[in-house]
file run22.pdb (PDB, C-alpha atoms)
ATOM      1  CA  MET A  14     -45.096  28.289 -35.206
ATOM      2  CA  THR A  15     -43.101  26.255 -32.703
ATOM      3  CA  ARG A  16     -40.011  28.004 -31.481
ATOM      4  CA  LEU A  17     -36.723  26.365 -30.673
ATOM      5  CA  PRO A  18     -35.735  26.514 -27.005
ATOM      6  CA  GLU A  19     -33.391  29.247 -25.892
ATOM      7  CA  THR A  20     -29.763  28.236 -26.153
ATOM      8  CA  GLY A  21     -27.156  28.892 -23.531
ATOM      9  CA  SER A  22     -24.606  31.610 -23.965
ATOM     10  CA  VAL A  23     -21.032  30.824 -24.944
ATOM     11  CA  ASP A  24     -18.117  32.916 -23.724
ATOM     12  CA  ILE A  25     -15.307  33.245 -26.225
ATOM     13  CA  GLU A  26     -11.934  33.727 -24.543
ATOM     14  CA  SER A  27      -9.145  35.627 -26.201
ATOM     15  CA  PRO A  28      -6.043  33.691 -27.326
ATOM     16  CA  GLU A  29      -4.100  35.328 -24.494
ATOM     17  CA  GLU A  30      -6.631  34.230 -21.845
ATOM     18  CA  THR A  31      -6.767  30.727 -23.290
ATOM     19  CA  ALA A  32      -2.961  30.458 -23.205
ATOM     20  CA  ALA A  33      -2.895  31.602 -19.573
ATOM     21  CA  LEU A  34      -5.541  29.029 -18.625
ATOM     22  CA  LEU A  35      -3.581  26.250 -20.308
ATOM     23  CA  GLU A  36      -0.441  27.361 -18.507
ATOM     24  CA  ASP A  37      -2.268  27.182 -15.175
ATOM     25  CA  VAL A  38      -3.500  23.646 -15.942
ATOM     26  CA  ALA A  39      -0.024  22.546 -17.036
ATOM     27  CA  ALA A  40       1.529  24.030 -13.898
ATOM     28  CA  HIS A  41      -0.979  22.159 -11.714
ATOM     29  CA  VAL A  42      -0.239  18.844 -13.443
ATOM     30  CA  ALA A  43       3.513  19.460 -13.239
ATOM     31  CA  THR A  44       3.452  20.120  -9.480
ATOM     32  CA  ARG A  45       0.925  17.454  -8.482
ATOM     33  CA  LEU A  46       2.364  14.625  -6.400
ATOM     34  CA  LEU A  47       1.405  11.011  -5.854
ATOM     35  CA  ILE A  48       1.933  10.624  -2.092
ATOM     36  CA  ALA A  49       1.897   6.969  -1.028
ATOM     37  CA  LEU A  50       1.854   6.225   2.693
ATOM     38  CA  ASP A  51       2.513   2.970   4.499
ATOM     39  CA  VAL A  52       0.001   2.344   7.292
ATOM     40  CA  ASP A  53       1.392   0.661  10.412
ATOM     41  CA  GLY A  54       4.245   2.650  11.889
ATOM     42  CA  THR A  55       3.788   5.502   9.404
ATOM     43  CA  VAL A  56       0.256   6.890   9.714
ATOM     44  CA  LEU A  57      -0.980   4.697  12.566
ATOM     45  CA  LEU A  58       0.444   4.208  16.044
ATOM     46  CA  GLU A  59       0.665   0.788  17.665
ATOM     47  CA  ASP A  60      -2.811   1.229  19.194
ATOM     48  CA  GLU A  61      -4.142   2.016  15.675
ATOM     49  CA  SER A  62      -4.807   5.678  16.442
ATOM     50  CA  PRO A  63      -3.575   8.227  13.855
ATOM     51  CA  SER A  64      -0.046   9.579  14.096
ATOM     52  CA  PRO A  65      -0.037  13.162  15.449
ATOM     53  CA  GLY A  66      -1.048  15.694  12.814
ATOM     54  CA  ILE A  67      -1.477  13.192   9.978
ATOM     55  CA  VAL A  68      -5.223  13.742   9.421
ATOM     56  CA  ALA A  69      -4.832  17.508   8.990
ATOM     57  CA  ALA A  70      -1.690  17.091   6.871
ATOM     58  CA  VAL A  71      -3.432  14.673   4.512
ATOM     59  CA  ARG A  72      -6.406  17.023   4.180
ATOM     60  CA  ASP A  73      -4.120  19.953   3.359
ATOM     61  CA  ALA A  74      -2.217  17.901   0.773
ATOM     62  CA  GLN A  75      -5.448  16.922  -0.940
ATOM     63  CA  ASP A  76      -6.656  20.533  -0.882
ATOM     64  CA  ALA A  77      -3.393  21.478  -2.606
ATOM     65  CA  GLY A  78      -4.213  19.066  -5.428
ATOM     66  CA  HIS A  79      -1.951  16.148  -4.503
ATOM     67  CA  GLU A  80      -3.152  12.548  -4.737
ATOM     68  CA  VAL A  81      -2.676  10.935  -1.322
ATOM     69  CA  THR A  82      -3.101   7.168  -1.084
ATOM     70  CA  LEU A  83      -2.080   4.168   1.005
ATOM     71  CA  ALA A  84       0.401   1.443   0.071
ATOM     72  CA  THR A  85       0.126  -1.235   2.716
ATOM     73  CA  GLY A  86       0.734  -4.884   3.482
ATOM     74  CA  ARG A  87      -2.751  -5.040   4.977
ATOM     75  CA  SER A  88      -5.602  -6.687   3.149
ATOM     76  CA  TRP A  89      -8.467  -4.508   1.973
ATOM     77  CA  GLU A  90     -10.502  -5.545   5.019
ATOM     78  CA  GLY A  91      -7.781  -4.165   7.253
ATOM     79  CA  THR A  92      -7.291  -1.037   5.140
ATOM     80  CA  ARG A  93     -10.748   0.396   4.583
ATOM     81  CA  GLY A  94     -11.092   1.544   8.194
ATOM     82  CA  VAL A  95      -7.781   3.414   7.920
ATOM     83  CA  LEU A  96      -9.157   5.435   5.000
ATOM     84  CA  ALA A  97     -12.094   6.451   7.164
ATOM     85  CA  ALA A  98      -9.810   7.359  10.093
ATOM     86  CA  LEU A  99      -7.741   9.593   7.814
ATOM     87  CA  ASP A 100     -10.802  11.016   6.005
ATOM     88  CA  LEU A 101      -9.121   9.807   2.824
ATOM     89  CA  ASN A 102     -10.873   8.792  -0.391
ATOM     90  CA  PRO A 103      -8.199   8.252  -3.091
ATOM     91  CA  GLU A 104      -8.877   6.961  -6.574
ATOM     92  CA  TYR A 105      -6.675   3.890  -6.010
ATOM     93  CA  VAL A 106      -5.417   2.044  -2.924
ATOM     94  CA  VAL A 107      -2.537  -0.463  -2.946
ATOM     95  CA  CYS A 108      -3.133  -3.370  -0.553
ATOM     96  CA  SER A 109      -1.597  -6.764   0.242
ATOM     97  CA  ASN A 110       1.927  -5.524  -0.538
ATOM     98  CA  GLY A 111       0.989  -4.665  -4.116
ATOM     99  CA  ALA A 112      -0.918  -7.844  -4.979
ATOM    100  CA  VAL A 113      -4.254  -5.985  -4.832
ATOM    101  CA  VAL A 114      -5.149  -2.531  -6.150
ATOM    102  CA  MET A 115      -8.575  -1.196  -5.216
ATOM    103  CA  ARG A 116     -10.321   1.484  -7.288
ATOM    104  CA  ARG A 117     -12.930   3.949  -6.090
ATOM    105  CA  THR A 118     -16.314   3.477  -7.723
ATOM    106  CA  ASP A 119     -19.367   5.720  -8.074
ATOM    107  CA  GLY A 120     -21.122   3.910  -5.261
ATOM    108  CA  GLY A 121     -20.597   6.683  -2.734
ATOM    109  CA  VAL A 122     -17.902   7.613  -0.238
ATOM    110  CA  ALA A 123     -15.365   4.845   0.378
ATOM    111  CA  ALA A 124     -16.964   2.505  -2.196
ATOM    112  CA  TYR A 125     -14.219   0.486  -3.885
ATOM    113  CA  GLU A 126     -13.827  -2.462  -6.247
ATOM    114  CA  ARG A 127     -10.986  -4.948  -6.645
ATOM    115  CA  PHE A 128      -9.534  -3.480  -9.824
ATOM    116  CA  HIS A 129      -6.265  -5.426 -10.166
ATOM    117  CA  THR A 130      -5.255  -8.675  -8.460
ATOM    118  CA  GLU A 131      -2.100 -10.805  -8.760
ATOM    119  CA  THR A 132      -2.145 -14.484  -7.762
ATOM    120  CA  PHE A 133       0.174 -17.487  -7.596
ATOM    121  CA  ASP A 134       0.148 -21.172  -6.650
ATOM    122  CA  PRO A 135       1.204 -21.280  -2.963
ATOM    123  CA  SER A 136       1.604 -25.038  -2.614
ATOM    124  CA  GLU A 137       5.389 -25.255  -2.999
ATOM    125  CA  VAL A 138       6.241 -22.329  -0.739
ATOM    126  CA  LEU A 139       3.830 -23.571   1.933
ATOM    127  CA  ARG A 140       5.444 -27.007   1.824
ATOM    128  CA  LEU A 141       8.945 -25.517   2.105
ATOM    129  CA  ILE A 142       8.022 -23.436   5.128
ATOM    130  CA  ARG A 143       6.139 -26.210   6.917
ATOM    131  CA  ASP A 144       9.132 -28.538   6.444
ATOM    132  CA  ASN A 145      11.433 -25.963   8.047
ATOM    133  CA  VAL A 146       9.272 -24.302  10.708
ATOM    134  CA  ALA A 147       7.962 -26.540  13.456
ATOM    135  CA  LYS A 148       5.093 -24.376  14.678
ATOM    136  CA  ALA A 149       3.568 -21.571  12.645
ATOM    137  CA  HIS A 150       0.261 -19.862  11.951
ATOM    138  CA  TYR A 151      -0.698 -19.515   8.286
ATOM    139  CA  MET A 152      -3.082 -17.294   6.373
ATOM    140  CA  VAL A 153      -3.715 -16.921   2.638
ATOM    141  CA  GLU A 154      -5.684 -14.267   0.790
ATOM    142  CA  LEU A 155      -7.733 -15.406  -2.198
ATOM    143  CA  ALA A 156      -8.264 -13.443  -5.397
ATOM    144  CA  ASP A 157     -11.727 -12.293  -4.289
ATOM    145  CA  GLY A 158     -10.470 -11.000  -0.941
ATOM    146  CA  ARG A 159     -11.593 -13.896   1.238
ATOM    147  CA  ARG A 160      -8.968 -15.224   3.634
ATOM    148  CA  LEU A 161      -8.224 -18.684   4.957
ATOM    149  CA  TYR A 162      -6.202 -19.347   8.114
ATOM    150  CA  THR A 163      -5.053 -22.335  10.143
ATOM    151  CA  GLU A 164      -4.895 -20.856  13.651
ATOM    152  CA  PRO A 165      -5.891 -17.405  14.912
ATOM    153  CA  MET A 166      -3.493 -14.774  16.173
ATOM    154  CA  ASP A 167      -4.468 -12.074  18.651
ATOM    155  CA  ASN A 168      -3.602  -9.190  16.289
ATOM    156  CA  TRP A 169      -5.094 -10.660  13.103
ATOM    157  CA  ASN A 170      -8.189  -9.076  11.605
ATOM    158  CA  LEU A 171     -10.288 -12.149  10.779
ATOM    159  CA  ALA A 172     -13.259 -10.398   9.157
ATOM    160  CA  GLN A 173     -14.380 -12.501   6.159
ATOM    161  CA  ALA A 174     -11.828 -15.158   7.131
ATOM    162  CA  THR A 175     -12.422 -18.890   7.459
ATOM    163  CA  ARG A 176     -10.456 -21.397   9.517
ATOM    164  CA  VAL A 177      -9.303 -24.371   7.433
ATOM    165  CA  SER A 178      -6.812 -27.222   7.500
ATOM    166  CA  PHE A 179      -3.265 -26.636   6.250
ATOM    167  CA  GLY A 180      -3.983 -28.637   3.097
ATOM    168  CA  GLU A 181      -6.898 -26.391   2.130
ATOM    169  CA  LEU A 182      -4.643 -23.315   2.025
ATOM    170  CA  SER A 183      -3.193 -24.310  -1.350
ATOM    171  CA  ALA A 184      -6.377 -25.577  -2.999
ATOM    172  CA  GLN A 185      -6.556 -22.503  -5.263
ATOM    173  CA  PRO A 186      -4.389 -19.561  -6.370
ATOM    174  CA  VAL A 187      -3.791 -16.876  -3.736
ATOM    175  CA  SER A 188      -2.705 -13.236  -3.678
ATOM    176  CA  ARG A 189      -0.513 -13.591  -0.607
ATOM    177  CA  VAL A 190       0.652 -15.957   2.096
ATOM    178  CA  VAL A 191       1.273 -14.789   5.672
ATOM    179  CA  VAL A 192       3.309 -16.924   8.060
ATOM    180  CA  VAL A 193       3.728 -16.079  11.744
ATOM    181  CA  SER A 194       5.871 -18.184  14.047
ATOM    182  CA  PRO A 195       5.650 -16.954  17.663
ATOM    183  CA  GLY A 196       8.564 -19.148  18.707
ATOM    184  CA  GLN A 197      11.020 -17.552  16.279
ATOM    185  CA  THR A 198      12.741 -14.210  16.021
ATOM    186  CA  GLU A 199      13.070 -11.822  13.108
ATOM    187  CA  GLN A 200      16.630 -13.064  12.589
ATOM    188  CA  ASP A 201      15.391 -16.665  12.518
ATOM    189  CA  PHE A 202      13.132 -15.821   9.576
ATOM    190  CA  LEU A 203      15.925 -13.972   7.777
ATOM    191  CA  GLU A 204      18.115 -17.065   8.075
ATOM    192  CA  LEU A 205      15.221 -19.332   7.050
ATOM    193  CA  VAL A 206      14.641 -17.412   3.829
ATOM    194  CA  GLN A 207      18.347 -17.533   2.987
ATOM    195  CA  ARG A 208      18.483 -21.250   3.706
ATOM    196  CA  ILE A 209      15.439 -22.508   1.809
ATOM    197  CA  GLY A 210      15.405 -19.913  -0.989
ATOM    198  CA  LEU A 211      12.172 -18.293  -2.145
ATOM    199  CA  ASN A 212      13.096 -17.675  -5.748
ATOM    200  CA  GLN A 213       9.635 -17.965  -7.290
ATOM    201  CA  VAL A 214       7.915 -15.422  -5.056
ATOM    202  CA  SER A 215       8.407 -11.985  -3.506
ATOM    203  CA  TYR A 216       8.638 -11.765   0.261
ATOM    204  CA  ALA A 217       9.035  -9.320   3.143
ATOM    205  CA  ILE A 218       9.907  -9.972   6.776
ATOM    206  CA  GLY A 219       8.204  -7.935   9.463
ATOM    207  CA  TRP A 220       9.356  -6.596  12.810
ATOM    208  CA  THR A 221       8.659  -9.930  14.469
ATOM    209  CA  ALA A 222       8.723 -13.443  13.030
ATOM    210  CA  TRP A 223       6.263 -12.424  10.315
ATOM    211  CA  LEU A 224       6.791 -13.521   6.714
ATOM    212  CA  ASP A 225       4.642 -12.003   3.967
ATOM    213  CA  ILE A 226       4.812 -13.719   0.561
ATOM    214  CA  ALA A 227       3.460 -12.352  -2.741
ATOM    215  CA  PRO A 228       3.671 -13.395  -6.400
ATOM    216  CA  LYS A 229       7.117 -13.031  -7.935
ATOM    217  CA  GLY A 230       7.876  -9.439  -8.938
ATOM    218  CA  VAL A 231       4.958  -8.069  -6.941
ATOM    219  CA  ASP A 232       5.434  -5.537  -4.149
ATOM    220  CA  LYS A 233       4.241  -2.078  -3.203
ATOM    221  CA  ALA A 234       6.354  -0.630  -6.030
ATOM    222  CA  SER A 235       4.655  -2.707  -8.720
ATOM    223  CA  GLY A 236       1.228  -1.695  -7.449
ATOM    224  CA  LEU A 237       2.158   1.982  -7.257
ATOM    225  CA  GLU A 238       3.647   1.943 -10.743
ATOM    226  CA  LEU A 239       0.293   0.741 -12.055
ATOM    227  CA  VAL A 240      -1.475   3.535 -10.174
ATOM    228  CA  ARG A 241       0.989   6.149 -11.427
ATOM    229  CA  GLY A 242       0.456   5.018 -15.021
ATOM    230  CA  TRP A 243      -3.319   4.958 -14.766
ATOM    231  CA  MET A 244      -3.290   8.477 -13.356
ATOM    232  CA  GLY A 245      -0.873   9.766 -15.979
ATOM    233  CA  LEU A 246       1.557  11.238 -13.436
ATOM    234  CA  ASP A 247       5.227  11.821 -14.170
ATOM    235  CA  PRO A 248       7.461   9.157 -12.514
ATOM    236  CA  SER A 249       9.433  11.854 -10.715
ATOM    237  CA  ARG A 250       6.314  13.263  -9.033
ATOM    238  CA  VAL A 251       6.211  10.604  -6.337
ATOM    239  CA  LEU A 252       6.675  10.766  -2.557
ATOM    240  CA  VAL A 253       6.605   7.521  -0.559
ATOM    241  CA  MET A 254       6.922   6.996   3.196
ATOM    242  CA  GLY A 255       7.280   3.851   5.278
ATOM    243  CA  ASP A 256       9.079   2.074   8.091
ATOM    244  CA  GLY A 257       9.333  -1.614   7.159
ATOM    245  CA  ARG A 258      11.269  -4.003   4.958
ATOM    246  CA  ASN A 259       8.190  -4.345   2.765
ATOM    247  CA  ASP A 260       8.731  -0.655   1.892
ATOM    248  CA  LEU A 261      12.202  -1.210   0.413
ATOM    249  CA  GLY A 262      10.836  -1.895  -3.073
ATOM    250  CA  MET A 263       8.793   1.287  -3.224
ATOM    251  CA  PHE A 264      11.768   3.257  -1.877
ATOM    252  CA  ARG A 265      13.938   2.019  -4.758
ATOM    253  CA  TRP A 266      11.167   2.648  -7.269
ATOM    254  CA  ALA A 267      10.671   6.245  -6.153
ATOM    255  CA  LEU A 268      14.375   7.106  -6.012
ATOM    256  CA  GLU A 269      15.225   5.471  -9.351
ATOM    257  CA  ASN A 270      12.582   7.652 -11.014
ATOM    258  CA  GLY A 271      13.667  10.907  -9.391
ATOM    259  CA  GLY A 272      11.040  10.877  -6.642
ATOM    260  CA  ARG A 273      11.397  10.983  -2.866
ATOM    261  CA  ALA A 274      11.522   8.134  -0.333
ATOM    262  CA  VAL A 275      11.254   8.922   3.376
ATOM    263  CA  ALA A 276      11.811   6.452   6.220
ATOM    264  CA  MET A 277      10.418   6.845   9.721
ATOM    265  CA  ALA A 278      12.957   7.321  12.516
ATOM    266  CA  GLN A 279      12.013   4.059  14.246
ATOM    267  CA  ALA A 280      12.567   1.974  11.088
ATOM    268  CA  PRO A 281      15.327  -0.671  11.015
ATOM    269  CA  GLN A 282      18.717   0.661   9.952
ATOM    270  CA  GLU A 283      18.607  -1.039   6.552
ATOM    271  CA  VAL A 284      15.258   0.654   5.819
ATOM    272  CA  ARG A 285      16.592   4.068   6.813
ATOM    273  CA  ASP A 286      19.707   3.469   4.712
ATOM    274  CA  ALA A 287      17.569   2.637   1.661
ATOM    275  CA  ALA A 288      15.534   5.837   1.883
ATOM    276  CA  GLY A 289      16.665   9.163   0.563
ATOM    277  CA  GLU A 290      15.520  10.888   3.763
ATOM    278  CA  THR A 291      14.545  10.102   7.343
ATOM    279  CA  THR A 292      11.855  11.938   9.286
ATOM    280  CA  THR A 293      10.969  11.779  12.968
ATOM    281  CA  SER A 294       9.143   8.782  14.438
ATOM    282  CA  VAL A 295       5.498   7.891  13.975
ATOM    283  CA  MET A 296       4.927   8.855  17.627
ATOM    284  CA  ASP A 297       6.271  12.328  16.895
ATOM    285  CA  GLY A 298       4.203  12.831  13.721
ATOM    286  CA  GLY A 299       7.035  12.305  11.243
ATOM    287  CA  ALA A 300       4.816  11.666   8.200
ATOM    288  CA  ALA A 301       2.737  14.779   8.895
ATOM    289  CA  ALA A 302       5.907  16.885   9.168
ATOM    290  CA  VAL A 303       7.075  15.796   5.697
ATOM    291  CA  ILE A 304       3.687  16.513   4.137
ATOM    292  CA  ARG A 305       3.371  19.924   5.814
ATOM    293  CA  ALA A 306       6.832  20.867   4.509
ATOM    294  CA  LEU A 307       5.581  20.483   0.914
ATOM    295  CA  ARG A 308       3.932  23.881   1.215
ATOM    296  CA  ARG A 309       7.335  25.476   1.711
ATOM    297  CA  ARG A 310       8.933  23.893  -1.353
TER     298      ARG A 310
END
call {"tool": "encode", "arguments": {"input": "run22.pdb", "output": "structure tokens"}}
result
Amino acid sequence: MTRLPETGSVDIESPEETAALLEDVAAHVATRLLIALDVDGTVLLEDESPSPGIVAAVRDAQDAGHEVTLATGRSWEGTRGVLAALDLNPEYVVCSNGAVVMRRTDGGVAAYERFHTETFDPSEVLRLIRDNVAKAHYMVELADGRRLYTEPMDNWNLAQATRVSFGELSAQPVSRVVVVSPGQTEQDFLELVQRIGLNQVSYAIGWTAWLDIAPKGVDKASGLELVRGWMGLDPSRVLVMGDGRNDLGMFRWALENGGRAVAMAQAPQEVRDAAGETTTSVMDGGAAAVIRALRRR
């Protein structure tokens, strides 16, 4: 007579042990943080090397059960190498100032797919800027991650980018528009935006004459809110850090929900004013100091 295969053993826990286990799980969920880090000026120095102590701090935060991710204005092509430098492999990564959210796949370490993408018609905003800026370099990012540019810039990562005429930039919907005008100052761009009005898009102005334009209502905060919801984390369990004007939205988002927003010491005054806290500079390892202090809370 054929016998059935041996079955595995089943351990039956007492109600008291089960309750304790559930309490431990609930406590872990309640204390877990979503830690979202800007890249340039927060975790990377100007030469693109890691800020002092940040690699070890990120590793310790992950070991403690926190979800550490990046929220950056960089495209995915400019972000993936940062993940490797930080030895970071989060479930989601917010790129292109919130217009793109990448999701980790089962394809191995650092294998990601474009999970969520926002686009808009750039034709009107490109026309407005060209009519008001004599000389500028333009780049657009398409929904599939490819990028088109008119003229190269020394500090642009042009991997998977194609040089095109100005007219070809607006031939299809885009996730973002980047405008750099070497002949203008940061204040010039601030005045330009006020003068021409950019009511149908979201925008951020960088340290130099750098204008980053996204679909209306889209910024790092909108991308992080999607990530927070997908992960089922409480809105108050958020810590964000950054140093630029494109971080203002995620600062407001974190603070309005009871989370924490930390600005780097070298950030512009308006960025530091918008944050709930200020740490030391990126050169002095300010982001790492904030993360290490979590263990003492």
call {"tool": "atom_distance", "arguments": {"input": "run22.pdb", "atom1": "atom CA of Phe133 of chain A", "atom2": "atom CA of Ala227 of chain A"}}
result
7.8 Å
call {"tool": "resolve_selection", "arguments": {"input": "run22.pdb", "expression": "the PyMOL selection byres ((chain A and resi 93-99) around 8)", "output": "PyMOL selection string"}}
result
chain A and resi 52+63+67-68+71+89-92+100-102+123
call {"tool": "write_last_selection", "arguments": {"input": "run22.pdb", "atoms": "C-alpha atoms", "output": "PDB file, in the coordinates of the input"}}
result
ATOM      1  CA  VAL A  52       0.001   2.344   7.292  1.00  0.00           C
ATOM      2  CA  PRO A  63      -3.575   8.227  13.855  1.00  0.00           C
ATOM      3  CA  ILE A  67      -1.477  13.192   9.978  1.00  0.00           C
ATOM      4  CA  VAL A  68      -5.223  13.742   9.421  1.00  0.00           C
ATOM      5  CA  VAL A  71      -3.432  14.673   4.512  1.00  0.00           C
ATOM      6  CA  TRP A  89      -8.467  -4.508   1.973  1.00  0.00           C
ATOM      7  CA  GLU A  90     -10.502  -5.545   5.019  1.00  0.00           C
ATOM      8  CA  GLY A  91      -7.781  -4.165   7.253  1.00  0.00           C
ATOM      9  CA  THR A  92      -7.291  -1.037   5.140  1.00  0.00           C
ATOM     10  CA  ASP A 100     -10.802  11.016   6.005  1.00  0.00           C
ATOM     11  CA  LEU A 101      -9.121   9.807   2.824  1.00  0.00           C
ATOM     12  CA  ASN A 102     -10.873   8.792  -0.391  1.00  0.00           C
ATOM     13  CA  ALA A 123     -15.365   4.845   0.378  1.00  0.00           C
TER      14      ALA A 123
END
call {"tool": "closest_residue", "arguments": {"input": "run22.pdb", "among": "A:Thr291, A:Ser215, A:Asn168, A:Ser249", "to": "Leu46 of chain A", "atoms": "only C-alpha atoms"}}
result
A:Ser249
call {"tool": "atom_distance", "arguments": {"input": "run22.pdb", "atom1": "atom CA of Glu269 of chain A", "atom2": "atom CA of Gly257 of chain A"}}
result
18.9 Å
call {"tool": "atom_distance", "arguments": {"input": "run22.pdb", "atom1": "atom CA of Arg127 of chain A", "atom2": "atom CA of Ala156 of chain A"}}
result
9.0 Å
call {"tool": "resolve_selection", "arguments": {"input": "run22.pdb", "expression": "the PyMOL selection byres ((chain A and resi 82) around 10)", "output": "PDB file with C-alpha atoms, in the frame of the given file"}}
result
ATOM      1  CA  LEU A  47       1.405  11.011  -5.854  1.00  0.00           C
ATOM      2  CA  ILE A  48       1.933  10.624  -2.092  1.00  0.00           C
ATOM      3  CA  ALA A  49       1.897   6.969  -1.028  1.00  0.00           C
ATOM      4  CA  LEU A  50       1.854   6.225   2.693  1.00  0.00           C
ATOM      5  CA  ASP A  51       2.513   2.970   4.499  1.00  0.00           C
ATOM      6  CA  VAL A  71      -3.432  14.673   4.512  1.00  0.00           C
ATOM      7  CA  HIS A  79      -1.951  16.148  -4.503  1.00  0.00           C
ATOM      8  CA  GLU A  80      -3.152  12.548  -4.737  1.00  0.00           C
ATOM      9  CA  VAL A  81      -2.676  10.935  -1.322  1.00  0.00           C
ATOM     10  CA  LEU A  83      -2.080   4.168   1.005  1.00  0.00           C
ATOM     11  CA  ALA A  84       0.401   1.443   0.071  1.00  0.00           C
ATOM     12  CA  THR A  85       0.126  -1.235   2.716  1.00  0.00           C
ATOM     13  CA  LEU A  96      -9.157   5.435   5.000  1.00  0.00           C
ATOM     14  CA  LEU A 101      -9.121   9.807   2.824  1.00  0.00           C
ATOM     15  CA  ASN A 102     -10.873   8.792  -0.391  1.00  0.00           C
ATOM     16  CA  PRO A 103      -8.199   8.252  -3.091  1.00  0.00           C
ATOM     17  CA  GLU A 104      -8.877   6.961  -6.574  1.00  0.00           C
ATOM     18  CA  TYR A 105      -6.675   3.890  -6.010  1.00  0.00           C
ATOM     19  CA  VAL A 106      -5.417   2.044  -2.924  1.00  0.00           C
ATOM     20  CA  VAL A 107      -2.537  -0.463  -2.946  1.00  0.00           C
ATOM     21  CA  LEU A 237       2.158   1.982  -7.257  1.00  0.00           C
ATOM     22  CA  VAL A 240      -1.475   3.535 -10.174  1.00  0.00           C
ATOM     23  CA  VAL A 253       6.605   7.521  -0.559  1.00  0.00           C
TER      24      VAL A 253
END
call {"tool": "closest_atom_pairs", "arguments": {"input": "run22.pdb", "of": "segment 42-138 of chain A", "to": "segment 299-307 of chain A", "cutoff": "7 Å", "atoms": "all atoms listed in the file", "output": "CSV"}}
result
residue,atom,partner,partner_atom,distance
A:Thr55,CA,A:Ala300,CA,6.4
A:Val56,CA,A:Ala300,CA,6.8
A:Gly66,CA,A:Ala301,CA,5.5
A:Ile67,CA,A:Ala301,CA,4.6
A:Ala70,CA,A:Ala301,CA,5.4
A:Ala74,CA,A:Ile304,CA,6.9
call {"tool": "closest_residue", "arguments": {"input": "run22.pdb", "among": "A:Ser194, A:Asn259, A:Ser136, A:Gln75", "to": "Asn110 of chain A", "atoms": "all atoms listed in the file"}}
result
A:Asn259
call {"tool": "resolve_selection", "arguments": {"input": "run22.pdb", "expression": "the PyMOL selection byres ((chain A and resi 222-226) around 8)", "output": "list in words"}}
result
Arg189, Val190, Val191, Val192, Val193, Ser194, Pro195, Gln197, Thr198, Glu199, Gln200, Asp201, Phe202, Val214, Ser215, Tyr216, Ala217, Ile218, Gly219, Trp220, Thr221, Ala227 and Pro228 of chain A
call {"tool": "closest_residue", "arguments": {"input": "run22.pdb", "among": "A:Ala77, A:Leu58, A:Met277, A:Val114", "to": "Leu239 of chain A", "atoms": "all atoms listed in the file"}}
result
A:Val114
call {"tool": "residues_around", "arguments": {"input": "run22.pdb", "residues": "Arg143 of chain A", "least_positions_apart": "2", "cutoff": "12 Å", "atoms": "all atoms listed in the file", "output": "list in words"}}
result
Ser136, Glu137, Val138, Leu139, Arg140, Leu141, Asn145, Val146, Ala147, Lys148, Ala149, His150, Tyr151, Phe179, Gly180, Val192, Val193, Ser194, Leu205 and Ile209 of chain A
